[in-house]
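One file, start_28.pdb, carrying PDB, C-alpha atoms and all ligand atoms:
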```
ATOM      1  CA  MET A  22      77.657 242.181 156.507  1.00  0.00           C
ATOM      2  CA  THR A  23      78.163 238.437 156.952  1.00  0.00           C
ATOM      3  CA  ARG A  24      76.628 236.561 154.080  1.00  0.00           C
ATOM      4  CA  LEU A  25      74.978 233.190 154.502  1.00  0.00           C
ATOM      5  CA  ARG A  26      77.245 230.475 153.101  1.00  0.00           C
ATOM      6  CA  THR A  27      74.916 228.694 150.708  1.00  0.00           C
ATOM      7  CA  ALA A  28      75.156 225.483 148.710  1.00  0.00           C
ATOM      8  CA  ILE A  29      73.051 224.921 145.614  1.00  0.00           C
ATOM      9  CA  LEU A  30      72.153 221.280 144.920  1.00  0.00           C
ATOM     10  CA  ILE A  31      71.424 220.385 141.305  1.00  0.00           C
ATOM     11  CA  SER A  32      70.866 217.315 139.149  1.00  0.00           C
ATOM     12  CA  GLY A  33      70.834 218.821 135.672  1.00  0.00           C
ATOM     13  CA  ARG A  34      70.797 222.004 133.631  1.00  0.00           C
ATOM     14  CA  GLY A  35      71.061 224.459 136.510  1.00  0.00           C
ATOM     15  CA  SER A  36      69.213 227.485 135.153  1.00  0.00           C
ATOM     16  CA  ASN A  37      67.833 228.297 138.621  1.00  0.00           C
ATOM     17  CA  MET A  38      71.370 227.859 139.915  1.00  0.00           C
ATOM     18  CA  ASP A  39      72.498 230.454 137.345  1.00  0.00           C
ATOM     19  CA  ALA A  40      69.870 232.895 138.601  1.00  0.00           C
ATOM     20  CA  LEU A  41      70.941 232.402 142.223  1.00  0.00           C
ATOM     21  CA  ILE A  42      74.642 232.759 141.411  1.00  0.00           C
ATOM     22  CA  ALA A  43      73.942 235.903 139.372  1.00  0.00           C
ATOM     23  CA  ALA A  44      72.022 237.446 142.279  1.00  0.00           C
ATOM     24  CA  SER A  45      74.767 236.543 144.746  1.00  0.00           C
ATOM     25  CA  LYS A  46      77.387 238.367 142.662  1.00  0.00           C
ATOM     26  CA  ASP A  47      75.970 241.581 144.139  1.00  0.00           C
ATOM     27  CA  PRO A  48      77.977 242.081 147.365  1.00  0.00           C
ATOM     28  CA  SER A  49      74.865 243.391 149.111  1.00  0.00           C
ATOM     29  CA  PHE A  50      72.993 240.118 148.474  1.00  0.00           C
ATOM     30  CA  PRO A  51      72.733 238.383 151.881  1.00  0.00           C
ATOM     31  CA  ALA A  52      73.757 234.913 150.625  1.00  0.00           C
ATOM     32  CA  ASP A  53      77.038 233.811 149.116  1.00  0.00           C
ATOM     33  CA  VAL A  54      77.031 230.723 146.892  1.00  0.00           C
ATOM     34  CA  ALA A  55      79.979 228.818 148.328  1.00  0.00           C
ATOM     35  CA  LEU A  56      79.362 225.447 146.662  1.00  0.00           C
ATOM     36  CA  VAL A  57      77.398 223.811 143.871  1.00  0.00           C
ATOM     37  CA  LEU A  58      76.843 220.138 144.489  1.00  0.00           C
ATOM     38  CA  SER A  59      75.355 217.553 142.143  1.00  0.00           C
ATOM     39  CA  ASN A  60      74.337 213.931 142.541  1.00  0.00           C
ATOM     40  CA  ARG A  61      75.136 213.528 138.835  1.00  0.00           C
ATOM     41  CA  PRO A  62      78.787 213.993 137.886  1.00  0.00           C
ATOM     42  CA  ASP A  63      77.702 214.835 134.318  1.00  0.00           C
ATOM     43  CA  ALA A  64      75.158 217.528 135.265  1.00  0.00           C
ATOM     44  CA  PRO A  65      75.592 220.400 132.764  1.00  0.00           C
ATOM     45  CA  GLY A  66      75.130 222.899 135.604  1.00  0.00           C
ATOM     46  CA  LEU A  67      78.458 221.917 137.163  1.00  0.00           C
ATOM     47  CA  ALA A  68      80.496 223.326 134.274  1.00  0.00           C
ATOM     48  CA  LYS A  69      78.470 226.536 134.336  1.00  0.00           C
ATOM     49  CA  ALA A  70      79.073 226.948 138.080  1.00  0.00           C
ATOM     50  CA  LYS A  71      82.790 226.357 137.591  1.00  0.00           C
ATOM     51  CA  ALA A  72      82.865 228.963 134.823  1.00  0.00           C
ATOM     52  CA  ALA A  73      81.172 231.392 137.215  1.00  0.00           C
ATOM     53  CA  GLY A  74      83.993 230.833 139.703  1.00  0.00           C
ATOM     54  CA  VAL A  75      81.997 228.748 142.201  1.00  0.00           C
ATOM     55  CA  ALA A  76      83.412 225.617 143.868  1.00  0.00           C
ATOM     56  CA  THR A  77      81.747 222.443 142.621  1.00  0.00           C
ATOM     57  CA  ALA A  78      81.510 218.838 143.749  1.00  0.00           C
ATOM     58  CA  ALA A  79      79.675 215.706 142.688  1.00  0.00           C
ATOM     59  CA  VAL A  80      78.488 212.907 144.955  1.00  0.00           C
ATOM     60  CA  ASP A  81      77.217 210.151 142.681  1.00  0.00           C
ATOM     61  CA  HIS A  82      74.217 208.582 144.428  1.00  0.00           C
ATOM     62  CA  LYS A  83      74.591 205.423 142.315  1.00  0.00           C
ATOM     63  CA  ILE A  84      77.745 204.279 144.098  1.00  0.00           C
ATOM     64  CA  TYR A  85      76.073 204.202 147.519  1.00  0.00           C
ATOM     65  CA  ALA A  86      74.281 201.219 149.025  1.00  0.00           C
ATOM     66  CA  GLY A  87      71.428 203.333 150.350  1.00  0.00           C
ATOM     67  CA  ARG A  88      69.988 206.799 150.734  1.00  0.00           C
ATOM     68  CA  GLU A  89      71.506 207.456 154.156  1.00  0.00           C
ATOM     69  CA  GLU A  90      75.037 206.522 153.069  1.00  0.00           C
ATOM     70  CA  PHE A  91      74.689 208.943 150.160  1.00  0.00           C
ATOM     71  CA  GLU A  92      73.386 211.667 152.441  1.00  0.00           C
ATOM     72  CA  ARG A  93      76.173 211.163 154.998  1.00  0.00           C
ATOM     73  CA  SER A  94      78.666 211.919 152.220  1.00  0.00           C
ATOM     74  CA  LEU A  95      76.687 215.003 151.228  1.00  0.00           C
ATOM     75  CA  GLN A  96      76.581 216.137 154.835  1.00  0.00           C
ATOM     76  CA  LEU A  97      80.332 215.696 155.272  1.00  0.00           C
ATOM     77  CA  LEU A  98      81.006 217.767 152.176  1.00  0.00           C
ATOM     78  CA  LEU A  99      78.582 220.475 153.266  1.00  0.00           C
ATOM     79  CA  GLU A 100      80.298 220.628 156.660  1.00  0.00           C
ATOM     80  CA  THR A 101      83.726 220.754 155.029  1.00  0.00           C
ATOM     81  CA  TYR A 102      82.620 223.818 153.076  1.00  0.00           C
ATOM     82  CA  ARG A 103      81.040 225.295 156.243  1.00  0.00           C
ATOM     83  CA  ILE A 104      77.685 225.528 154.491  1.00  0.00           C
ATOM     84  CA  GLU A 105      74.901 227.194 156.478  1.00  0.00           C
ATOM     85  CA  PHE A 106      72.038 227.054 154.002  1.00  0.00           C
ATOM     86  CA  ILE A 107      70.898 224.900 151.066  1.00  0.00           C
ATOM     87  CA  CYS A 108      68.949 225.752 147.923  1.00  0.00           C
ATOM     88  CA  LEU A 109      67.639 222.784 145.970  1.00  0.00           C
ATOM     89  CA  ALA A 110      67.510 223.775 142.320  1.00  0.00           C
ATOM     90  CA  GLY A 111      66.304 220.906 140.176  1.00  0.00           C
ATOM     91  CA  PHE A 112      67.777 218.374 142.618  1.00  0.00           C
ATOM     92  CA  MET A 113      65.869 215.216 141.756  1.00  0.00           C
ATOM     93  CA  ARG A 114      66.516 213.013 144.814  1.00  0.00           C
ATOM     94  CA  MET A 115      64.240 212.585 147.797  1.00  0.00           C
ATOM     95  CA  PHE A 116      65.857 213.072 151.214  1.00  0.00           C
ATOM     96  CA  THR A 117      65.398 210.965 154.320  1.00  0.00           C
ATOM     97  CA  PRO A 118      63.892 212.573 157.424  1.00  0.00           C
ATOM     98  CA  TRP A 119      67.398 212.427 158.912  1.00  0.00           C
ATOM     99  CA  PHE A 120      68.912 214.715 156.281  1.00  0.00           C
ATOM    100  CA  VAL A 121      65.924 217.053 156.277  1.00  0.00           C
ATOM    101  CA  GLY A 122      66.246 217.231 160.074  1.00  0.00           C
ATOM    102  CA  GLN A 123      69.849 218.414 159.734  1.00  0.00           C
ATOM    103  CA  TRP A 124      68.664 221.330 157.589  1.00  0.00           C
ATOM    104  CA  ARG A 125      65.245 222.096 159.007  1.00  0.00           C
ATOM    105  CA  GLY A 126      64.490 225.787 158.435  1.00  0.00           C
ATOM    106  CA  ARG A 127      67.727 226.071 156.437  1.00  0.00           C
ATOM    107  CA  MET A 128      66.785 224.442 153.118  1.00  0.00           C
ATOM    108  CA  LEU A 129      64.668 225.832 150.272  1.00  0.00           C
ATOM    109  CA  ASN A 130      63.302 224.096 147.181  1.00  0.00           C
ATOM    110  CA  ILE A 131      61.768 225.384 143.975  1.00  0.00           C
ATOM    111  CA  HIS A 132      58.910 223.434 142.461  1.00  0.00           C
ATOM    112  CA  PRO A 133      57.300 224.032 139.040  1.00  0.00           C
ATOM    113  CA  SER A 134      53.679 224.361 140.148  1.00  0.00           C
ATOM    114  CA  LEU A 135      51.494 226.412 142.439  1.00  0.00           C
ATOM    115  CA  LEU A 136      51.728 224.108 145.448  1.00  0.00           C
ATOM    116  CA  PRO A 137      49.839 222.350 146.889  1.00  0.00           C
ATOM    117  CA  ALA A 138      48.610 221.609 143.352  1.00  0.00           C
ATOM    118  CA  PHE A 139      50.669 219.224 141.236  1.00  0.00           C
ATOM    119  CA  ARG A 140      53.215 217.818 143.640  1.00  0.00           C
ATOM    120  CA  GLY A 141      55.717 215.438 142.056  1.00  0.00           C
ATOM    121  CA  LEU A 142      56.848 215.112 138.460  1.00  0.00           C
ATOM    122  CA  ASP A 143      55.512 216.199 135.037  1.00  0.00           C
ATOM    123  CA  THR A 144      53.712 219.176 136.512  1.00  0.00           C
ATOM    124  CA  HIS A 145      53.232 221.011 133.204  1.00  0.00           C
ATOM    125  CA  GLU A 146      51.785 217.978 131.416  1.00  0.00           C
ATOM    126  CA  ARG A 147      49.396 217.422 134.326  1.00  0.00           C
ATOM    127  CA  ALA A 148      48.368 221.097 134.484  1.00  0.00           C
ATOM    128  CA  LEU A 149      47.446 220.938 130.790  1.00  0.00           C
ATOM    129  CA  ALA A 150      45.658 217.604 131.185  1.00  0.00           C
ATOM    130  CA  ASP A 151      43.588 219.049 134.039  1.00  0.00           C
ATOM    131  CA  GLY A 152      42.745 222.176 132.057  1.00  0.00           C
ATOM    132  CA  VAL A 153      43.812 224.692 134.697  1.00  0.00           C
ATOM    133  CA  LYS A 154      43.894 228.332 133.579  1.00  0.00           C
ATOM    134  CA  ILE A 155      46.585 229.411 136.028  1.00  0.00           C
ATOM    135  CA  HIS A 156      49.837 227.607 136.695  1.00  0.00           C
ATOM    136  CA  GLY A 157      53.134 228.673 138.197  1.00  0.00           C
ATOM    137  CA  CYS A 158      55.972 227.946 140.594  1.00  0.00           C
ATOM    138  CA  THR A 159      56.672 227.883 144.307  1.00  0.00           C
ATOM    139  CA  VAL A 160      59.685 228.379 146.562  1.00  0.00           C
ATOM    140  CA  HIS A 161      59.206 226.607 149.878  1.00  0.00           C
ATOM    141  CA  PHE A 162      61.100 225.326 152.905  1.00  0.00           C
ATOM    142  CA  VAL A 163      61.840 221.622 152.754  1.00  0.00           C
ATOM    143  CA  VAL A 164      60.132 219.218 155.168  1.00  0.00           C
ATOM    144  CA  PRO A 165      60.236 215.406 155.084  1.00  0.00           C
ATOM    145  CA  GLU A 166      57.040 215.164 153.001  1.00  0.00           C
ATOM    146  CA  MET A 167      57.641 215.640 149.281  1.00  0.00           C
ATOM    147  CA  ASP A 168      56.780 219.117 147.910  1.00  0.00           C
ATOM    148  CA  GLU A 169      55.334 220.288 151.198  1.00  0.00           C
ATOM    149  CA  GLY A 170      56.639 222.857 153.652  1.00  0.00           C
ATOM    150  CA  PRO A 171      56.114 226.550 154.381  1.00  0.00           C
ATOM    151  CA  ILE A 172      55.796 228.608 151.202  1.00  0.00           C
ATOM    152  CA  VAL A 173      58.084 231.625 150.801  1.00  0.00           C
ATOM    153  CA  ALA A 174      57.051 232.881 147.344  1.00  0.00           C
ATOM    154  CA  GLN A 175      54.896 231.946 144.374  1.00  0.00           C
ATOM    155  CA  ALA A 176      54.456 233.194 140.825  1.00  0.00           C
ATOM    156  CA  ALA A 177      51.345 232.599 138.739  1.00  0.00           C
ATOM    157  CA  VAL A 178      51.240 232.573 134.956  1.00  0.00           C
ATOM    158  CA  PRO A 179      48.353 232.100 132.532  1.00  0.00           C
ATOM    159  CA  VAL A 180      47.856 228.842 130.638  1.00  0.00           C
ATOM    160  CA  LEU A 181      47.207 229.531 126.966  1.00  0.00           C
ATOM    161  CA  ASP A 182      44.988 227.530 124.611  1.00  0.00           C
ATOM    162  CA  ASP A 183      47.872 226.565 122.381  1.00  0.00           C
ATOM    163  CA  ASP A 184      50.337 225.740 125.148  1.00  0.00           C
ATOM    164  CA  THR A 185      52.402 222.593 125.024  1.00  0.00           C
ATOM    165  CA  PRO A 186      54.208 221.292 128.114  1.00  0.00           C
ATOM    166  CA  GLN A 187      57.321 222.950 126.683  1.00  0.00           C
ATOM    167  CA  THR A 188      55.861 226.439 126.144  1.00  0.00           C
ATOM    168  CA  LEU A 189      54.184 226.334 129.533  1.00  0.00           C
ATOM    169  CA  ALA A 190      57.404 225.147 131.188  1.00  0.00           C
ATOM    170  CA  ALA A 191      59.326 228.019 129.616  1.00  0.00           C
ATOM    171  CA  ARG A 192      56.787 230.588 130.847  1.00  0.00           C
ATOM    172  CA  VAL A 193      56.962 229.147 134.361  1.00  0.00           C
ATOM    173  CA  LEU A 194      60.744 228.820 134.320  1.00  0.00           C
ATOM    174  CA  ALA A 195      61.195 232.518 133.520  1.00  0.00           C
ATOM    175  CA  GLN A 196      59.305 233.236 136.745  1.00  0.00           C
ATOM    176  CA  GLU A 197      61.285 230.654 138.715  1.00  0.00           C
ATOM    177  CA  HIS A 198      64.367 232.693 137.909  1.00  0.00           C
ATOM    178  CA  VAL A 199      62.677 235.769 139.373  1.00  0.00           C
ATOM    179  CA  ILE A 200      61.223 234.344 142.569  1.00  0.00           C
ATOM    180  CA  TYR A 201      64.063 232.078 143.708  1.00  0.00           C
ATOM    181  CA  PRO A 202      66.649 234.848 144.215  1.00  0.00           C
ATOM    182  CA  MET A 203      63.939 237.003 145.772  1.00  0.00           C
ATOM    183  CA  ALA A 204      62.943 234.250 148.204  1.00  0.00           C
ATOM    184  CA  LEU A 205      66.557 233.530 149.145  1.00  0.00           C
ATOM    185  CA  GLN A 206      67.122 237.208 149.771  1.00  0.00           C
ATOM    186  CA  LEU A 207      64.106 237.378 152.097  1.00  0.00           C
ATOM    187  CA  VAL A 208      65.132 234.291 154.046  1.00  0.00           C
ATOM    188  CA  ALA A 209      68.879 234.996 154.197  1.00  0.00           C
ATOM    189  CA  SER A 210      68.351 238.572 155.339  1.00  0.00           C
ATOM    190  CA  GLY A 211      66.129 237.391 158.174  1.00  0.00           C
ATOM    191  CA  ALA A 212      63.162 239.376 156.842  1.00  0.00           C
ATOM    192  CA  VAL A 213      60.754 236.460 157.184  1.00  0.00           C
ATOM    193  CA  ARG A 214      60.057 233.806 159.792  1.00  0.00           C
ATOM    194  CA  ILE A 215      58.149 230.543 159.909  1.00  0.00           C
ATOM    195  CA  GLU A 216      55.015 230.415 162.033  1.00  0.00           C
ATOM    196  CA  ARG A 217      53.298 227.038 161.971  1.00  0.00           C
ATOM    197  CA  ASN A 218      53.095 226.283 158.249  1.00  0.00           C
ATOM    198  CA  ARG A 219      53.298 229.902 157.118  1.00  0.00           C
ATOM    199  CA  VAL A 220      56.170 232.176 156.199  1.00  0.00           C
ATOM    200  CA  ILE A 221      55.381 235.665 157.338  1.00  0.00           C
ATOM    201  CA  GLY A 222      57.054 239.045 157.666  1.00  0.00           C
ATOM    202  CA  ALA A 223      57.711 239.997 154.036  1.00  0.00           C
ATOM    203  CA  LEU A 224      57.589 243.757 153.797  1.00  0.00           C
ATOM    204  CA  ALA A 225      55.336 243.878 150.766  1.00  0.00           C
ATOM    205  CA  PRO A 226      53.214 241.353 148.886  1.00  0.00           C
ATOM    206  CA  HIS A 227      55.153 241.986 145.699  1.00  0.00           C
ATOM    207  CA  GLU A 228      58.126 240.275 147.334  1.00  0.00           C
ATOM    208  CA  THR A 229      56.351 236.951 147.652  1.00  0.00           C
ATOM    209  CA  ALA A 230      53.329 236.902 145.336  1.00  0.00           C
ATOM    210  CA  PHE A 231      53.966 237.341 141.652  1.00  0.00           C
ATOM    211  CA  ILE A 232      51.218 237.382 139.110  1.00  0.00           C
ATOM    212  CA  VAL A 233      52.063 237.556 135.444  1.00  0.00           C
ATOM    213  CA  PRO A 234      48.783 238.538 133.814  1.00  0.00           C
ATOM    214  CA  ASP A 235      50.183 239.372 130.401  1.00  0.00           C
ATOM    215  CA  ALA A 236      49.389 236.309 128.361  1.00  0.00           C
ATOM    216  CA  ALA A 237      51.319 237.772 125.459  1.00  0.00           C
ATOM    217  CA  ALA A 238      54.548 237.957 127.462  1.00  0.00           C
ATOM    218  CA  ALA A 239      57.103 236.081 125.439  1.00  0.00           C
ATOM    219  CA  PRO A 240      58.618 233.142 127.284  1.00  0.00           C
ATOM    220  CA  LYS A 241      62.291 233.694 128.007  1.00  0.00           C
ATOM    221  CA  ARG A 242      64.719 231.571 126.047  1.00  0.00           C
ATOM    222  CA  ILE A 243      66.345 228.857 128.110  1.00  0.00           C
ATOM    223  CA  SER A 244      70.056 228.355 127.556  1.00  0.00           C
TER
HETATM  224  C1  LIG B 301      62.962 223.524 137.426  1.00  0.00           C
HETATM  225  O1  LIG B 301      61.827 223.762 136.643  1.00  0.00           O
HETATM  226  C2  LIG B 301      62.571 223.188 138.853  1.00  0.00           C
HETATM  227  O2  LIG B 301      61.451 223.885 139.291  1.00  0.00           O
HETATM  228  C3  LIG B 301      62.286 221.711 138.733  1.00  0.00           C
HETATM  229  O3  LIG B 301      63.283 221.220 137.881  1.00  0.00           O
HETATM  230  C4  LIG B 301      63.678 222.247 136.983  1.00  0.00           C
HETATM  231  C5  LIG B 301      65.178 222.389 137.056  1.00  0.00           C
HETATM  232  O4  LIG B 301      65.622 223.269 136.072  1.00  0.00           O
HETATM  233  N1  LIG B 301      62.312 221.079 140.006  1.00  0.00           N
HETATM  234  C6  LIG B 301      61.543 220.051 140.327  1.00  0.00           C
HETATM  235  O5  LIG B 301      60.774 219.527 139.556  1.00  0.00           O
HETATM  236  C7  LIG B 301      61.708 219.555 141.747  1.00  0.00           C
HETATM  237  N2  LIG B 301      60.671 218.655 142.094  1.00  0.00           N
HETATM  238  P1  LIG B 301      67.040 223.951 136.208  1.00  0.00           P
HETATM  239  O6  LIG B 301      68.051 222.815 136.432  1.00  0.00           O
HETATM  240  O7  LIG B 301      67.256 224.623 134.890  1.00  0.00           O
HETATM  241  O8  LIG B 301      67.003 224.898 137.361  1.00  0.00           O
END
```
Exercise: express the given structure as structure tokens:
Amino acid sequence: MTRLRTAILISGRGSNMDALIAASKDPSFPADVALVLSNRPDAPGLAKAKAAGVATAAVDHKIYAGREEFERSLQLLLETYRIEFICLAGFMRMFTPWFVGQWRGRMLNIHPSLLPAFRGLDTHERALADGVKIHGCTVHFVVPEMDEGPIVAQAAVPVLDDDTPQTLAARVLAQEHVIYPMALQLVASGAVRIERNRVIGALAPHETAFIVPDAAAAPKRIS
């Protein structure tokens, strides 16, 4: 089996990166994490990737005059590593339409809300402020518009009366770690396809729609 050569792009902690690397350690997983790339040389995730035996690189966006110059460097590096697919995992830079065009249909993102609700930043604070009872996370293909694009998988969790942004974030994050490897597996194995704005073809709903009804489920500790 040829495995899809995948790069994970991070800006920080890299817990989703950890989950993807862990899944890819199984030789039957259809994607191989060939590179972890950060726009922040000091991203804690880089050391964790290195320790897991994955090649790492940093392209510091601050030293570039503009977005496109930064992205051309990224692109060169991705080509050097013969990368075929990208997973954004807490990568906190917007891309130009040019870069997105290079990776159309070949780039996934994870976002900490049930899109299309709560695009952008501070999703957990905003979910609490709006009083929603269900919150969650989404894995989707990347398109030029921020936090849009065909949805591969979502997980829903309850919002509890005594939640803080931190407790809610932890409950959502535990599900991010479940759905991102699952979504990458579906896409990399060719099990799903994009039709208009929809991703279809998953064998069973439990591969793409996760509902965590147990409000008492203890949030997983984040390392
Ligand atoms: C995750 O919660 C991810 O969904 C979010 O950043 C966090 C990164 O955590 N991404 C976004 O907000 C993208 N707009 P991690 O570095 O531990 O994976």
_When you count all atoms listed in the file, which of these residues is closest to Ala223 in chain A: A:Leu189, A:Cys158, A:Ile172, A:Val178?_
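Distance minimum relative to Ala223 in chain A lands on A:Ile172.
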Residues of chain A at most 10 Å from ligand LIG 301 (chain B): nearest atom pair and distance in Å, only C-alpha atoms and all ligand atoms, as JSON lines:
```
{"residue": "A:Leu30", "atom": "CA", "partner": "B:LIG301", "partner_atom": "O6", "distance": 9.6}
{"residue": "A:Ile31", "atom": "CA", "partner": "B:LIG301", "partner_atom": "O6", "distance": 6.4}
{"residue": "A:Ser32", "atom": "CA", "partner": "B:LIG301", "partner_atom": "O6", "distance": 6.7}
{"residue": "A:Gly33", "atom": "CA", "partner": "B:LIG301", "partner_atom": "O6", "distance": 4.9}
{"residue": "A:Arg34", "atom": "CA", "partner": "B:LIG301", "partner_atom": "O6", "distance": 4.0}
{"residue": "A:Gly35", "atom": "CA", "partner": "B:LIG301", "partner_atom": "O6", "distance": 3.4}
{"residue": "A:Ser36", "atom": "CA", "partner": "B:LIG301", "partner_atom": "O7", "distance": 3.5}
{"residue": "A:Asn37", "atom": "CA", "partner": "B:LIG301", "partner_atom": "O8", "distance": 3.7}
{"residue": "A:Met38", "atom": "CA", "partner": "B:LIG301", "partner_atom": "O8", "distance": 5.9}
{"residue": "A:Asp39", "atom": "CA", "partner": "B:LIG301", "partner_atom": "O8", "distance": 7.8}
{"residue": "A:Ala40", "atom": "CA", "partner": "B:LIG301", "partner_atom": "O8", "distance": 8.6}
{"residue": "A:Leu41", "atom": "CA", "partner": "B:LIG301", "partner_atom": "O8", "distance": 9.8}
{"residue": "A:Ala64", "atom": "CA", "partner": "B:LIG301", "partner_atom": "O6", "distance": 8.9}
{"residue": "A:Pro65", "atom": "CA", "partner": "B:LIG301", "partner_atom": "O6", "distance": 8.7}
{"residue": "A:Gly66", "atom": "CA", "partner": "B:LIG301", "partner_atom": "O6", "distance": 7.1}
{"residue": "A:Leu109", "atom": "CA", "partner": "B:LIG301", "partner_atom": "C7", "distance": 8.0}
{"residue": "A:Ala110", "atom": "CA", "partner": "B:LIG301", "partner_atom": "O8", "distance": 5.1}
{"residue": "A:Gly111", "atom": "CA", "partner": "B:LIG301", "partner_atom": "C5", "distance": 3.6}
{"residue": "A:Phe112", "atom": "CA", "partner": "B:LIG301", "partner_atom": "C7", "distance": 6.2}
{"residue": "A:Met113", "atom": "CA", "partner": "B:LIG301", "partner_atom": "C7", "distance": 6.0}
{"residue": "A:Arg114", "atom": "CA", "partner": "B:LIG301", "partner_atom": "N2", "distance": 8.6}
{"residue": "A:Met115", "atom": "CA", "partner": "B:LIG301", "partner_atom": "N2", "distance": 9.1}
{"residue": "A:Asn130", "atom": "CA", "partner": "B:LIG301", "partner_atom": "C7", "distance": 7.3}
{"residue": "A:Ile131", "atom": "CA", "partner": "B:LIG301", "partner_atom": "O2", "distance": 4.9}
{"residue": "A:His132", "atom": "CA", "partner": "B:LIG301", "partner_atom": "O2", "distance": 4.1}
{"residue": "A:Pro133", "atom": "CA", "partner": "B:LIG301", "partner_atom": "O2", "distance": 4.2}
{"residue": "A:Ser134", "atom": "CA", "partner": "B:LIG301", "partner_atom": "O2", "distance": 7.8}
{"residue": "A:Arg140", "atom": "CA", "partner": "B:LIG301", "partner_atom": "N2", "distance": 7.7}
{"residue": "A:Gly141", "atom": "CA", "partner": "B:LIG301", "partner_atom": "N2", "distance": 5.9}
{"residue": "A:Leu142", "atom": "CA", "partner": "B:LIG301", "partner_atom": "O5", "distance": 6.0}
{"residue": "A:Asp143", "atom": "CA", "partner": "B:LIG301", "partner_atom": "O5", "distance": 7.7}
{"residue": "A:Thr144", "atom": "CA", "partner": "B:LIG301", "partner_atom": "O5", "distance": 7.7}
{"residue": "A:His145", "atom": "CA", "partner": "B:LIG301", "partner_atom": "O1", "distance": 9.7}
{"residue": "A:Gly157", "atom": "CA", "partner": "B:LIG301", "partner_atom": "O2", "distance": 9.7}
{"residue": "A:Cys158", "atom": "CA", "partner": "B:LIG301", "partner_atom": "O2", "distance": 6.9}
{"residue": "A:Thr159", "atom": "CA", "partner": "B:LIG301", "partner_atom": "O2", "distance": 8.0}
{"residue": "A:Val160", "atom": "CA", "partner": "B:LIG301", "partner_atom": "O2", "distance": 8.7}
{"residue": "A:Met167", "atom": "CA", "partner": "B:LIG301", "partner_atom": "N2", "distance": 8.4}
{"residue": "A:Asp168", "atom": "CA", "partner": "B:LIG301", "partner_atom": "N2", "distance": 7.0}
{"residue": "A:Ala190", "atom": "CA", "partner": "B:LIG301", "partner_atom": "O1", "distance": 7.2}
{"residue": "A:Ala191", "atom": "CA", "partner": "B:LIG301", "partner_atom": "O1", "distance": 8.6}
{"residue": "A:Val193", "atom": "CA", "partner": "B:LIG301", "partner_atom": "O1", "distance": 7.6}
{"residue": "A:Leu194", "atom": "CA", "partner": "B:LIG301", "partner_atom": "O1", "distance": 5.7}
{"residue": "A:Ala195", "atom": "CA", "partner": "B:LIG301", "partner_atom": "O1", "distance": 9.3}
{"residue": "A:Gln196", "atom": "CA", "partner": "B:LIG301", "partner_atom": "O1", "distance": 9.8}
{"residue": "A:Glu197", "atom": "CA", "partner": "B:LIG301", "partner_atom": "O2", "distance": 6.8}
{"residue": "A:His198", "atom": "CA", "partner": "B:LIG301", "partner_atom": "O8", "distance": 8.2}
{"residue": "A:Tyr201", "atom": "CA", "partner": "B:LIG301", "partner_atom": "O2", "distance": 9.7}
{"residue": "A:Ile243", "atom": "CA", "partner": "B:LIG301", "partner_atom": "O7", "distance": 8.0}
{"residue": "A:Ser244", "atom": "CA", "partner": "B:LIG301", "partner_atom": "O7", "distance": 8.7}
```
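The residues returned by the PyMOL selection byres (((chain A and resi 92) around 9) and not hetatm) for this structure are His82, Gly87, Arg88, Glu89, Glu90, Phe91, Arg93, Ser94, Leu95, Gln96, Leu97, Phe116, Thr117, Trp119 and Phe120 of chain A.
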*Write out as a ChimeraX atom specification each polymer residue whose atoms come within 9 Å of range 42-49 of chain A, counting all atoms listed in the file; drop sequence neighbours fewer than 3 positions from it.*
/A:22,24,37-39,52-54,70,73,75,202-203,206
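The closest residue to Pro51 in chain A, picked from A:Ala174, A:Ile29, A:Ala78, A:Leu207 and counting only C-alpha atoms, is A:Leu207.
From CA of Thr27 in chain A back to CA of Phe50 in chain A, the distance works out to 11.8 Å.
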_Non-local contacts of His227 in chain A (12 Å; all atoms listed in the file; under 2 positions in same chain excluded) as a PyMOL selection string_ = chain A and resi 173-176+199-200+203-204+207+223-225+229-233
*Calculate how many Å separate CA of Arg214 in chain A from CA of Pro165 in chain A, rounding to one decimal.*
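Computing the Euclidean distance for CA of Arg214 in chain A and CA of Pro165 in chain A yields 19.0 Å.
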*For Ile155 in chain A, which of A:Gly74, A:Pro234, A:Pro179, A:Gly222 is the closest residue, counting all atoms listed in the file?*
A:Pro179
*asked:* If the PyMOL selection byres (((chain A and resi 77) around 9) and not hetatm) were run on this exact file, what residues would it hold? Put them as number ranges by chain.
replied: A: 55-59, 67-68, 70-71, 75-76, 78-79
*For CA of Glu146 in chain A and CA of Val164 in chain A, quote the distance in Å rounded to one decimal.*
25.2 Å
Edge lengths and centre, in Å to one decimal, as JSON: that's what I need for the box along x, y and z that holds all listed atoms of range 48-66 of chain A plus 5 Å on each side.
```
{"center_x": 76.4, "center_y": 228.5, "center_z": 142.3, "size_x": 17.2, "size_y": 39.9, "size_z": 29.1}
```
*asked:* Between A:Arg26, A:His156, A:Arg147, A:Lys83, which residue has the minimum interatomic distance to Glu100 in chain A, considering all atoms listed in the file?
replied: A:Arg26
